[in-house]
Structure formats: C-alpha cells, structure tokens
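Structure data (mmCIF, C-alpha atoms and all ligand atoms) from data_27.cif:
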```cif
data_work
#
loop_
_atom_site.label_atom_id
_atom_site.label_comp_id
_atom_site.auth_asym_id
_atom_site.auth_seq_id
_atom_site.Cartn_x
_atom_site.Cartn_y
_atom_site.Cartn_z
CA MET X 1460 -50.09 -25.77 0.72
CA ALA X 1461 -47.45 -27.82 -1.04
CA VAL X 1462 -47.04 -25.12 -3.66
CA ASN X 1463 -46.71 -22.50 -0.97
CA LEU X 1464 -43.98 -24.51 0.70
CA LYS X 1465 -42.11 -24.86 -2.58
CA VAL X 1466 -42.39 -21.13 -3.19
CA SER X 1467 -41.12 -20.29 0.27
CA CYS X 1468 -38.24 -22.73 -0.13
CA PHE X 1469 -37.38 -21.07 -3.42
CA ILE X 1470 -37.47 -17.66 -1.79
CA LEU X 1471 -35.32 -18.92 1.06
CA VAL X 1472 -32.76 -20.21 -1.41
CA LEU X 1473 -32.80 -16.85 -3.19
CA ILE X 1474 -32.21 -15.06 0.08
CA LEU X 1475 -29.34 -17.37 0.98
CA VAL X 1476 -27.75 -16.95 -2.44
CA GLY X 1477 -28.30 -13.21 -2.13
CA CYS X 1478 -26.50 -13.15 1.22
CA ASP X 1479 -23.63 -15.12 -0.21
CA ARG X 1480 -23.16 -12.61 -3.01
CA GLU X 1481 -23.32 -9.71 -0.60
CA GLN X 1482 -20.37 -11.07 1.34
CA VAL X 1483 -18.21 -11.07 -1.77
CA VAL X 1484 -19.13 -7.59 -2.99
CA PRO X 1485 -18.00 -5.44 0.00
CA SER X 1486 -14.49 -6.90 0.06
CA THR X 1487 -13.73 -5.71 -3.49
CA ALA X 1488 -15.68 -2.52 -2.97
CA GLU X 1489 -13.49 -1.69 0.04
CA ILE X 1490 -10.25 -1.87 -1.90
CA GLU X 1491 -11.24 0.28 -4.85
CA PRO X 1492 -12.38 3.37 -2.98
CA LEU X 1493 -9.27 3.13 -0.80
CA ASP X 1494 -6.97 3.29 -3.82
CA ARG X 1495 -9.01 6.15 -5.19
CA GLN X 1496 -8.73 7.85 -1.79
CA PHE X 1497 -4.96 7.64 -1.99
CA GLU X 1498 -4.89 8.92 -5.56
CA THR X 1499 -6.93 11.97 -4.67
CA ALA X 1500 -5.52 12.52 -1.20
CA ILE X 1501 -4.00 15.98 -1.43
CA MET X 1502 -2.58 17.91 1.50
CA SER X 1503 -4.54 21.01 2.44
CA VAL X 1504 -3.66 23.68 4.98
CA GLU X 1505 -6.03 22.01 7.42
CA ILE X 1506 -4.48 18.55 7.00
CA MET X 1507 -0.99 20.05 7.19
CA ASP X 1508 -1.97 21.61 10.49
CA LYS X 1509 -3.10 18.24 11.87
CA TRP X 1510 0.06 16.61 10.50
CA ALA X 1511 2.23 19.19 12.27
CA ARG X 1512 0.46 18.46 15.57
CA SER X 1513 0.71 14.67 15.31
CA CYS X 1514 2.77 12.77 12.74
CA ALA X 1515 5.49 15.44 12.64
CA LEU X 1516 6.39 14.75 16.29
CA CYS X 1517 7.98 11.47 15.24
CA HIS X 1518 8.21 11.46 11.47
CA VAL X 1519 10.42 14.56 11.14
CA ASN X 1520 13.32 13.28 13.23
CA GLY X 1521 12.65 9.56 12.91
CA GLU X 1522 11.64 9.19 16.55
CA GLY X 1523 11.63 5.55 17.68
CA GLY X 1524 12.60 4.39 14.18
CA ALA X 1525 9.77 6.18 12.40
CA PRO X 1526 10.33 6.49 8.64
CA ARG X 1527 11.41 10.10 8.16
CA MET X 1528 9.44 12.65 6.21
CA GLY X 1529 10.76 12.69 2.64
CA ASP X 1530 13.22 9.81 3.13
CA LEU X 1531 12.07 8.31 -0.14
CA ALA X 1532 14.18 5.14 -0.06
CA VAL X 1533 12.86 4.15 3.37
CA TRP X 1534 9.29 5.03 2.40
CA GLN X 1535 9.61 3.04 -0.80
CA GLU X 1536 9.98 -0.13 1.29
CA ARG X 1537 6.92 0.79 3.35
CA LEU X 1538 4.87 1.63 0.27
CA ALA X 1539 5.64 -1.80 -1.15
CA GLN X 1540 3.24 -3.22 1.46
CA GLY X 1541 0.37 -1.48 -0.31
CA ASN X 1542 -1.79 1.46 0.68
CA ALA X 1543 -4.35 -0.70 2.48
CA THR X 1544 -1.72 -2.05 4.89
CA LEU X 1545 -0.20 1.38 5.52
CA LEU X 1546 -3.59 2.84 6.31
CA ASP X 1547 -4.45 -0.14 8.50
CA HIS X 1548 -1.21 0.26 10.46
CA THR X 1549 -1.89 3.97 10.87
CA LEU X 1550 -5.40 3.34 12.22
CA LYS X 1551 -4.53 0.45 14.51
CA GLY X 1552 -0.93 1.28 15.31
CA TYR X 1553 2.12 -0.72 14.34
CA ALA X 1554 5.09 -1.55 16.58
CA ARG X 1555 6.08 1.81 18.10
CA MET X 1556 3.74 3.71 15.82
CA PRO X 1557 0.73 4.68 18.01
CA PRO X 1558 -2.85 4.03 16.83
CA LEU X 1559 -4.11 7.01 14.77
CA GLY X 1560 -0.63 8.54 15.06
CA TYR X 1561 -1.91 10.82 17.85
CA CYS X 1562 -4.48 12.39 15.53
CA MET X 1563 -7.81 11.46 17.08
CA ASP X 1564 -9.88 13.72 14.79
CA CYS X 1565 -8.24 12.72 11.51
CA GLU X 1566 -10.35 11.15 8.76
CA GLU X 1567 -9.11 8.21 6.69
CA ILE X 1568 -8.70 10.46 3.64
CA GLU X 1569 -6.52 12.77 5.73
CA PHE X 1570 -4.31 9.89 6.87
CA ALA X 1571 -4.00 8.88 3.22
CA ALA X 1572 -2.89 12.41 2.31
CA MET X 1573 -0.37 12.45 5.16
CA ILE X 1574 1.12 9.10 4.19
CA MET X 1575 1.46 10.19 0.56
CA PHE X 1576 2.92 13.51 1.70
CA MET X 1577 5.56 11.95 3.95
CA SER X 1578 6.55 9.46 1.29
CA GLY X 1579 6.85 12.21 -1.33
CA GLN X 1580 3.96 11.02 -3.48
CA ASN X 1581 1.60 14.01 -3.56
CA GLN X 1582 3.70 17.14 -3.16
C1 LIG C 1601 4.86 8.67 18.69
C2 LIG C 1601 5.54 8.67 17.43
C3 LIG C 1601 4.73 8.61 16.15
C4 LIG C 1601 3.69 9.41 15.74
C5 LIG C 1601 3.06 10.58 16.50
C6 LIG C 1601 3.32 8.97 14.41
N1 LIG C 1601 4.09 7.90 14.04
FE1 LIG C 1601 3.93 6.84 12.29
N2 LIG C 1601 5.43 5.61 12.92
C7 LIG C 1601 6.14 5.75 14.11
C8 LIG C 1601 7.14 4.69 14.20
C9 LIG C 1601 8.11 4.47 15.34
C10 LIG C 1601 7.00 3.93 13.01
C11 LIG C 1601 7.81 2.70 12.60
C12 LIG C 1601 7.15 1.46 13.15
C13 LIG C 1601 8.00 0.25 12.84
O1 LIG C 1601 8.05 -0.13 11.65
O2 LIG C 1601 8.59 -0.28 13.76
C14 LIG C 1601 5.93 4.54 12.24
C15 LIG C 1601 5.49 4.06 11.02
C16 LIG C 1601 4.49 4.65 10.26
C17 LIG C 1601 4.02 4.16 9.01
C18 LIG C 1601 4.54 2.93 8.28
C19 LIG C 1601 3.81 1.71 8.78
C20 LIG C 1601 4.24 0.47 8.03
O3 LIG C 1601 3.41 -0.43 7.92
O4 LIG C 1601 5.36 0.38 7.53
C21 LIG C 1601 3.03 5.00 8.58
C22 LIG C 1601 2.23 4.88 7.30
C23 LIG C 1601 2.89 6.02 9.57
N3 LIG C 1601 3.78 5.77 10.59
C24 LIG C 1601 2.01 7.06 9.48
C25 LIG C 1601 1.81 8.01 10.46
C26 LIG C 1601 0.87 9.09 10.37
C27 LIG C 1601 -0.04 9.33 9.17
C28 LIG C 1601 0.95 9.78 11.53
C29 LIG C 1601 0.14 10.99 11.95
C30 LIG C 1601 -1.28 10.93 11.84
C31 LIG C 1601 1.95 9.14 12.37
N4 LIG C 1601 2.46 8.07 11.67
C32 LIG C 1601 2.31 9.55 13.65
C33 LIG C 1601 5.95 6.70 15.08
C34 LIG C 1601 4.97 7.66 15.07
#
```

Let me see the structure of the file written as structure tokens.
Amino acid sequence: MAVNLKVSCFILVLILVGCDREQVVPSTAEIEPLDRQFETAIMSVEIMDKWARSCALCHVNGEGGAPRMGDLAVWQERLAQGNATLLDHTLKGYARMPPLGYCMDCEEIEFAAMIMFMSGQNQ
C-alpha cells in the first residue's frame, strides 16, 4: 500500500511538472509560426479582393487617421510595434480601427498578407 502511495505521488508530481512545461511551450510556439506567417504572407487575387472590400475603404484615403496604403514612413512606425501587435490590433480592433477591419471571413494569414501589402513589405 505504502509503495503504491509513493508511486502515485511520483506520478502526480510528474503530471504537475508536465503541466508546468506545457504552459511554457505554447507561448513560444505561438510567436514563431506568426513570424513565419508574415514572412510567407503573399497577396493573392483572392486576398486582394477581400482587401478591396474591407481595408481599402479606410486605408486608401487615410479615413479616420488610418495609416495609408504605401505610406511607408507612417507604416514604419506601426511596424516597429512588431507583427504580433499589428495582427492583434487587426483582430480585436484598435482605436478607430474596427475589429477584423470589416473582413469577417478573413484568415489570420490573409490579414498578415494585407498588413505587409499596405506597408510595402511583400509587393
Ligand atoms: C473603418 C475604417 C477601417 C477599416 C475598414 C480598416 N481599418 Fe485598419 N485602421 C483604421 C484606423 C482609423 C487606424 C488607425 C488607428 C489608430 O492608430 O488610431 C487603423 C490602423 C490599422 C493598423 C495599425 C494598427 C497599429 O497597431 O498601429 C493595421 C495593421 C490595420 N489598420 C490593418 C487593417 C486591415 C488588415 C484591414 C482590413 C482587413 C483594415 N485595417 C481595415 C481604420 C480602418
């Protein structure tokens, strides 16, 4: 009985340690794929079509203070925040920038492509 208890305690400790490790792993794993997403985020005709129906409404003329398409100096300041923040602000909205930028059916990789496109990074 005593041995059994020791074994179960040992297993419990292993599980707890295992859980602890698991919490650390996803946070780094989240960042890497995101950067890779941005690197490989290329505009396609389909994404361009979605961009024209959503982001373009504000980001062509700078509506409400939106950083304008191709205004590299302005975008440079935004890019300095890092891709993760830019994507986060696009998904959740940011000041007068609406959540998802009016593109309800856009995937994260498509938002990444659009951000890189507007800031002149992937043309
Ligand atoms: C209704 C107008 C509007 C639409 C539509 C819109 N945006 Fe924006 N966006 C803004 C405004 C305004 C800002 C500036 C917010 C601020 O800094 O005050 C902004 C800022 C941003 C930023 C910079 C955020 C930051 O942290 O600096 C990104 C990235 C962005 N928009 C991406 C997009 C994408 C991608 C789309 C299309 C899917 C989109 N936006 C559609 C108005 C819009």

Q: Could I get the residue neighbourhood of ligand LIG 1601 (chain C) at 7 Å, counting all atoms listed in the file, as JSON, numbers by chain?
A: {"X": [1510, 1513, 1514, 1515, 1516, 1517, 1518, 1522, 1523, 1524, 1525, 1526, 1537, 1544, 1545, 1546, 1548, 1549, 1553, 1554, 1555, 1556, 1557, 1559, 1560, 1561, 1562, 1570, 1573, 1574]}

Using C-alpha atoms, can you export the residues from the last selection as a compact mmCIF listing (two decimals), keeping the file's coordinate frame?
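Ended up saving to selection34.txt:
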```
# COMPACT_ATOMS: atom_id res chain seq x y z
CA TRP X 1510 0.06 16.61 10.50
CA SER X 1513 0.71 14.67 15.31
CA CYS X 1514 2.77 12.77 12.74
CA ALA X 1515 5.49 15.44 12.64
CA LEU X 1516 6.39 14.75 16.29
CA CYS X 1517 7.98 11.47 15.24
CA HIS X 1518 8.21 11.46 11.47
CA GLU X 1522 11.64 9.19 16.55
CA GLY X 1523 11.63 5.55 17.68
CA GLY X 1524 12.60 4.39 14.18
CA ALA X 1525 9.77 6.18 12.40
CA PRO X 1526 10.33 6.49 8.64
CA ARG X 1537 6.92 0.79 3.35
CA THR X 1544 -1.72 -2.05 4.89
CA LEU X 1545 -0.20 1.38 5.52
CA LEU X 1546 -3.59 2.84 6.31
CA HIS X 1548 -1.21 0.26 10.46
CA THR X 1549 -1.89 3.97 10.87
CA TYR X 1553 2.12 -0.72 14.34
CA ALA X 1554 5.09 -1.55 16.58
CA ARG X 1555 6.08 1.81 18.10
CA MET X 1556 3.74 3.71 15.82
CA PRO X 1557 0.73 4.68 18.01
CA LEU X 1559 -4.11 7.01 14.77
CA GLY X 1560 -0.63 8.54 15.06
CA TYR X 1561 -1.91 10.82 17.85
CA CYS X 1562 -4.48 12.39 15.53
CA PHE X 1570 -4.31 9.89 6.87
CA MET X 1573 -0.37 12.45 5.16
CA ILE X 1574 1.12 9.10 4.19
```

Q. How many Å separate CA of Phe1576 in chain X from CA of Gly1529 in chain X?
A.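 According to the coordinates, CA of Phe1576 in chain X and CA of Gly1529 in chain X are separated by 7.9 Å.
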
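One distance worth recording is that between CA of Val1504 in chain X and CA of Gly1541 in chain X, which is 26.0 Å.
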
Q. How far is it from CA of Met1502 in chain X to CA of Glu1569 in chain X, in Å with one decimal?
A. 7.7 Å

List as a PDB file with C-alpha atoms, in the frame of the given file the residues having at least one atom at most 9 Å from position (-4.1, 18.0, -4.1) as given in the file, counting all atoms listed in the file.
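Saved to result.pdb:
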```pdb
ATOM      1  CA  THR X1499      -6.930  11.970  -4.670  1.00  0.00           C
ATOM      2  CA  ALA X1500      -5.520  12.520  -1.200  1.00  0.00           C
ATOM      3  CA  ILE X1501      -4.000  15.980  -1.430  1.00  0.00           C
ATOM      4  CA  MET X1502      -2.580  17.910   1.500  1.00  0.00           C
ATOM      5  CA  SER X1503      -4.540  21.010   2.440  1.00  0.00           C
ATOM      6  CA  ALA X1572      -2.890  12.410   2.310  1.00  0.00           C
ATOM      7  CA  ASN X1581       1.600  14.010  -3.560  1.00  0.00           C
ATOM      8  CA  GLN X1582       3.700  17.140  -3.160  1.00  0.00           C
TER       9      GLN X1582
END
```

Q.
I'd like the contact shell of Met1528 in chain X - 7 Å cut-off, only C-alpha atoms, skipping same-chain residues fewer than 4 positions apart - returned as a count of residues only.
A. 4

Q. Using all atoms listed in the file, which residue out of X:Ile1506, X:Ala1539, X:Val1533, X:Ala1571 lies closest to Gly1521 in chain X?
A.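 Between X:Ile1506, X:Ala1539, X:Val1533, X:Ala1571, the residue approaching Gly1521 in chain X most closely is X:Val1533.
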
(Q) Measuring between all atoms listed in the file, which one of X:Gln1580, X:Cys1565, X:Leu1464, X:Asn1542 shows the shortest distance to Arg1495 in chain X? (A) X:Asn1542
